[in-house]
Each structure stands twice: as structure tokens, then as C-alpha cells.
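Okay, final-v4.cif now, which holds mmCIF, C-alpha atoms:
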```cif
data_my_file
loop_
_atom_site.label_atom_id
_atom_site.label_comp_id
_atom_site.auth_asym_id
_atom_site.auth_seq_id
_atom_site.Cartn_x
_atom_site.Cartn_y
_atom_site.Cartn_z
CA MET A 6 0.00 0.00 0.00
CA ARG A 7 1.44 3.36 -1.01
CA TYR A 8 -0.56 5.51 1.37
CA ARG A 9 -1.88 5.54 4.89
CA PRO A 10 -5.63 5.68 5.50
CA LEU A 11 -7.51 8.56 7.06
CA THR A 12 -9.33 6.94 9.97
CA HIS A 13 -10.72 9.61 12.26
CA ASN A 14 -13.67 11.85 11.57
CA SER A 15 -11.62 14.90 12.59
CA GLU A 16 -9.13 14.18 9.80
CA PHE A 17 -11.92 14.10 7.22
CA THR A 18 -13.48 17.26 8.68
CA ARG A 19 -10.14 19.09 8.50
CA ALA A 20 -9.75 18.17 4.83
CA TYR A 21 -13.30 19.33 4.08
CA ALA A 22 -12.98 22.62 5.96
CA ARG A 23 -9.41 23.69 5.17
CA GLY A 24 -8.58 21.79 1.99
CA ARG A 25 -9.21 22.67 -1.62
CA SER A 26 -11.89 20.82 -3.54
CA PHE A 27 -11.80 19.65 -7.14
CA VAL A 28 -15.11 18.52 -8.61
CA HIS A 29 -15.84 16.12 -11.45
CA PRO A 30 -19.06 14.23 -12.26
CA HIS A 31 -17.31 10.95 -11.36
CA VAL A 32 -15.66 11.90 -8.07
CA VAL A 33 -14.87 14.87 -5.80
CA LEU A 34 -11.34 15.35 -4.44
CA TYR A 35 -10.41 17.32 -1.31
CA VAL A 36 -6.70 18.05 -0.89
CA TYR A 37 -5.13 19.29 2.32
CA ARG A 38 -1.37 19.69 2.84
CA ASN A 39 -0.30 17.97 6.06
CA ARG A 40 2.92 18.17 8.05
CA SER A 41 3.49 14.46 8.51
CA GLY A 42 5.31 13.90 5.22
CA HIS A 43 3.09 10.92 4.46
CA MET A 44 0.25 10.68 1.99
CA ARG A 45 -3.01 9.80 3.70
CA VAL A 46 -6.13 8.92 1.73
CA GLY A 47 -9.78 8.64 2.71
CA ILE A 48 -12.61 7.34 0.54
CA THR A 49 -16.25 8.08 1.31
CA ALA A 50 -19.61 7.30 -0.24
CA SER A 51 -22.77 8.78 1.25
CA LYS A 52 -26.18 7.17 1.43
CA LYS A 53 -27.22 9.28 -1.55
CA ILE A 54 -25.18 6.87 -3.69
CA GLY A 55 -27.41 3.92 -2.86
CA ASN A 56 -27.58 0.90 -0.58
CA ALA A 57 -24.60 -0.71 1.13
CA VAL A 58 -23.70 -2.88 -1.86
CA THR A 59 -23.63 0.13 -4.18
CA ARG A 60 -21.58 2.24 -1.74
CA ASN A 61 -19.05 -0.54 -1.28
CA ARG A 62 -18.72 -0.94 -5.06
CA ALA A 63 -18.08 2.80 -5.38
CA ARG A 64 -15.34 2.61 -2.74
CA ARG A 65 -13.78 -0.46 -4.40
CA VAL A 66 -13.73 1.26 -7.79
CA ILE A 67 -12.03 4.33 -6.33
CA ARG A 68 -9.52 2.20 -4.41
CA ALA A 69 -8.61 0.25 -7.56
CA ALA A 70 -8.21 3.50 -9.51
CA LEU A 71 -5.90 4.93 -6.85
CA GLN A 72 -3.61 1.91 -7.07
CA GLN A 73 -3.04 2.79 -10.72
CA VAL A 74 -2.62 6.54 -10.26
CA LEU A 75 -1.02 7.45 -6.93
CA PRO A 76 2.75 7.89 -6.97
CA ALA A 77 4.80 5.98 -4.42
CA ASP A 78 6.82 8.95 -3.16
CA ALA A 79 4.32 11.83 -3.02
CA GLY A 80 4.00 12.73 0.62
CA GLY A 81 2.57 15.45 2.75
CA TYR A 82 -1.04 15.40 1.55
CA ASP A 83 -4.37 14.36 2.98
CA LEU A 84 -6.63 13.32 0.10
CA VAL A 85 -10.34 12.62 0.47
CA PHE A 86 -12.18 11.09 -2.48
CA VAL A 87 -15.96 11.35 -2.37
CA ALA A 88 -18.01 9.08 -4.62
CA ARG A 89 -20.70 10.63 -6.80
CA GLY A 90 -23.85 9.07 -8.25
CA GLN A 91 -22.09 7.76 -11.38
CA THR A 92 -19.13 6.19 -9.57
CA PRO A 93 -20.57 2.70 -8.92
CA ARG A 94 -21.47 2.30 -12.59
CA LEU A 95 -17.98 3.15 -13.87
CA LYS A 96 -14.91 1.01 -14.46
CA SER A 97 -11.81 1.68 -12.39
CA THR A 98 -9.87 2.75 -15.50
CA GLN A 99 -12.35 5.57 -16.12
CA VAL A 100 -12.10 6.69 -12.50
CA ALA A 101 -8.28 6.43 -12.71
CA LYS A 102 -8.23 8.89 -15.62
CA THR A 103 -10.48 11.25 -13.69
CA ALA A 104 -8.40 10.92 -10.52
CA ALA A 105 -5.18 11.60 -12.44
CA LYS A 106 -6.72 14.73 -13.95
CA LEU A 107 -7.88 15.97 -10.54
CA LEU A 108 -4.55 15.18 -8.87
CA ARG A 109 -2.70 17.10 -11.59
CA ALA A 110 -5.04 20.05 -11.10
CA ALA A 111 -4.34 19.89 -7.37
CA GLY A 112 -0.59 19.77 -7.94
CA VAL A 113 -0.09 16.41 -6.22
CA LEU A 114 1.13 14.51 -9.28
CA GLN A 115 3.32 17.34 -10.53
CA SER A 116 5.21 17.59 -7.24
CA ALA A 117 5.73 13.81 -7.18
CA GLU A 118 7.00 13.77 -10.78
CA LYS A 119 9.46 16.60 -10.07
CA THR A 120 10.91 14.89 -6.99
CA SER A 121 11.30 11.53 -8.73
CA LYS A 122 13.29 13.01 -11.66
#
```
Now that the file is in, can you turn its structure into C-alpha cells?
Amino acid sequence: MRYRPLTHNSEFTRAYARGRSFVHPHVVLYVYRNRSGHMRVGITASKKIGNAVTRNRARRVIRAALQQVLPADAGGYDLVFVARGQTPRLKSTQVAKTAAKLLRAAGVLQSAEKTSK
């Protein structure tokens, strides 16, 4: 696993309140710069998405997409991915393209690419 999970509600709340948001019809990304030097990721799906099976599928799709996209050495960010209504019906490759676009817009992928070169 390349990242550590966000586990506490206060960590999610901090990312929502102080972080920047990047919106796409597939997924919403909240980015907050932390001081730990480690990348921490949280994935959420609200009850608006559907029942438990649908919400779990949305989280699985996002998790699979992040395995393809997240760099191994990008640290210092708290990322929260929020599933949207379309997320459970998408393939992980589609969500991976969306996540890469949002991470580039947030500057997370650019900073990782610069440090690895």
C-alpha cells in the first residue's frame, strides 16, 4: 500500500474545511497539505449513492483506480475522495483517468513527478 488511510472523523473534517476541492461528475477530491510527510487517503460514499452494496462498489472502484494513479513517493497530503452518483457504474480505468486529472489540477502529481526526476 502506497498511502496511509484517514481513519478519524476529525481528519476528514479538517480536509473538508481547510482543503481545496476539485469537482468532477465521477468523483470529488479534497486536498489538504499535512505536516506528517506521508500521503493519507480517505474514501467516502454517502447514502445518496445507494444501498450498502452500491456504496461498497463505489469505494472499491475508487480504491482500484488509486492503485493505478497514486505515486509511491508523493507525501505530505491528505486526500479525500468522495463518490458521486455515477461512480458505482464506472470502471476503475475511467475513475483512474479522472483521478489523475484531478490530482494534476491539485498539484499532487506534478510535485511527485518533479521529486522523482
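Here CA of Arg109 in chain A and CA of Lys52 in chain A stand 28.6 Å from one another.
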(message) Can you spell out as a PyMOL selection string the set of residues that the PyMOL selection byres ((chain A and resi 93-100) around 12) selects in the structure I just provided?
(response) chain A and resi 29-34+50+53-74+86-92+101-108
(request) Please provide the set of residues having any atom within 12 Å of Arg19 in chain A, restricted to only C-alpha atoms, with same-chain residues fewer than 5 positions apart removed, written as a list in words. (result) Leu11, His13, Asn14, Gly24, Arg25, Tyr35, Val36, Tyr37, Arg38, Asn39, Gly47, Asp83, Leu84 and Val85 of chain A
Residues from last step as file, C-alpha atoms, as a PDB file, in the coordinates of the input:
```
ATOM      1  CA  LEU A  11      -7.510   8.560   7.060  1.00  0.00           C
ATOM      2  CA  HIS A  13     -10.720   9.610  12.260  1.00  0.00           C
ATOM      3  CA  ASN A  14     -13.670  11.850  11.570  1.00  0.00           C
ATOM      4  CA  GLY A  24      -8.580  21.790   1.990  1.00  0.00           C
ATOM      5  CA  ARG A  25      -9.210  22.670  -1.620  1.00  0.00           C
ATOM      6  CA  TYR A  35     -10.410  17.320  -1.310  1.00  0.00           C
ATOM      7  CA  VAL A  36      -6.700  18.050  -0.890  1.00  0.00           C
ATOM      8  CA  TYR A  37      -5.130  19.290   2.320  1.00  0.00           C
ATOM      9  CA  ARG A  38      -1.370  19.690   2.840  1.00  0.00           C
ATOM     10  CA  ASN A  39      -0.300  17.970   6.060  1.00  0.00           C
ATOM     11  CA  GLY A  47      -9.780   8.640   2.710  1.00  0.00           C
ATOM     12  CA  ASP A  83      -4.370  14.360   2.980  1.00  0.00           C
ATOM     13  CA  LEU A  84      -6.630  13.320   0.100  1.00  0.00           C
ATOM     14  CA  VAL A  85     -10.340  12.620   0.470  1.00  0.00           C
TER      15      VAL A  85
END
```
(request) Report the distance between CA of Thr49 in chain A and CA of Arg23 in chain A in Å, rounded to one decimal place. (result) 17.5 Å
(request) Please measure the separation of CA of Ser15 in chain A and CA of Ala77 in chain A, giving the value in Å to one decimal. (result) 25.3 Å
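Against the coordinates shown, the PyMOL selection byres ((chain A and resi 8) around 8) returns Met6, Arg7, Arg9, Pro10, His43, Met44, Arg45, Val46 and Ala77 of chain A.
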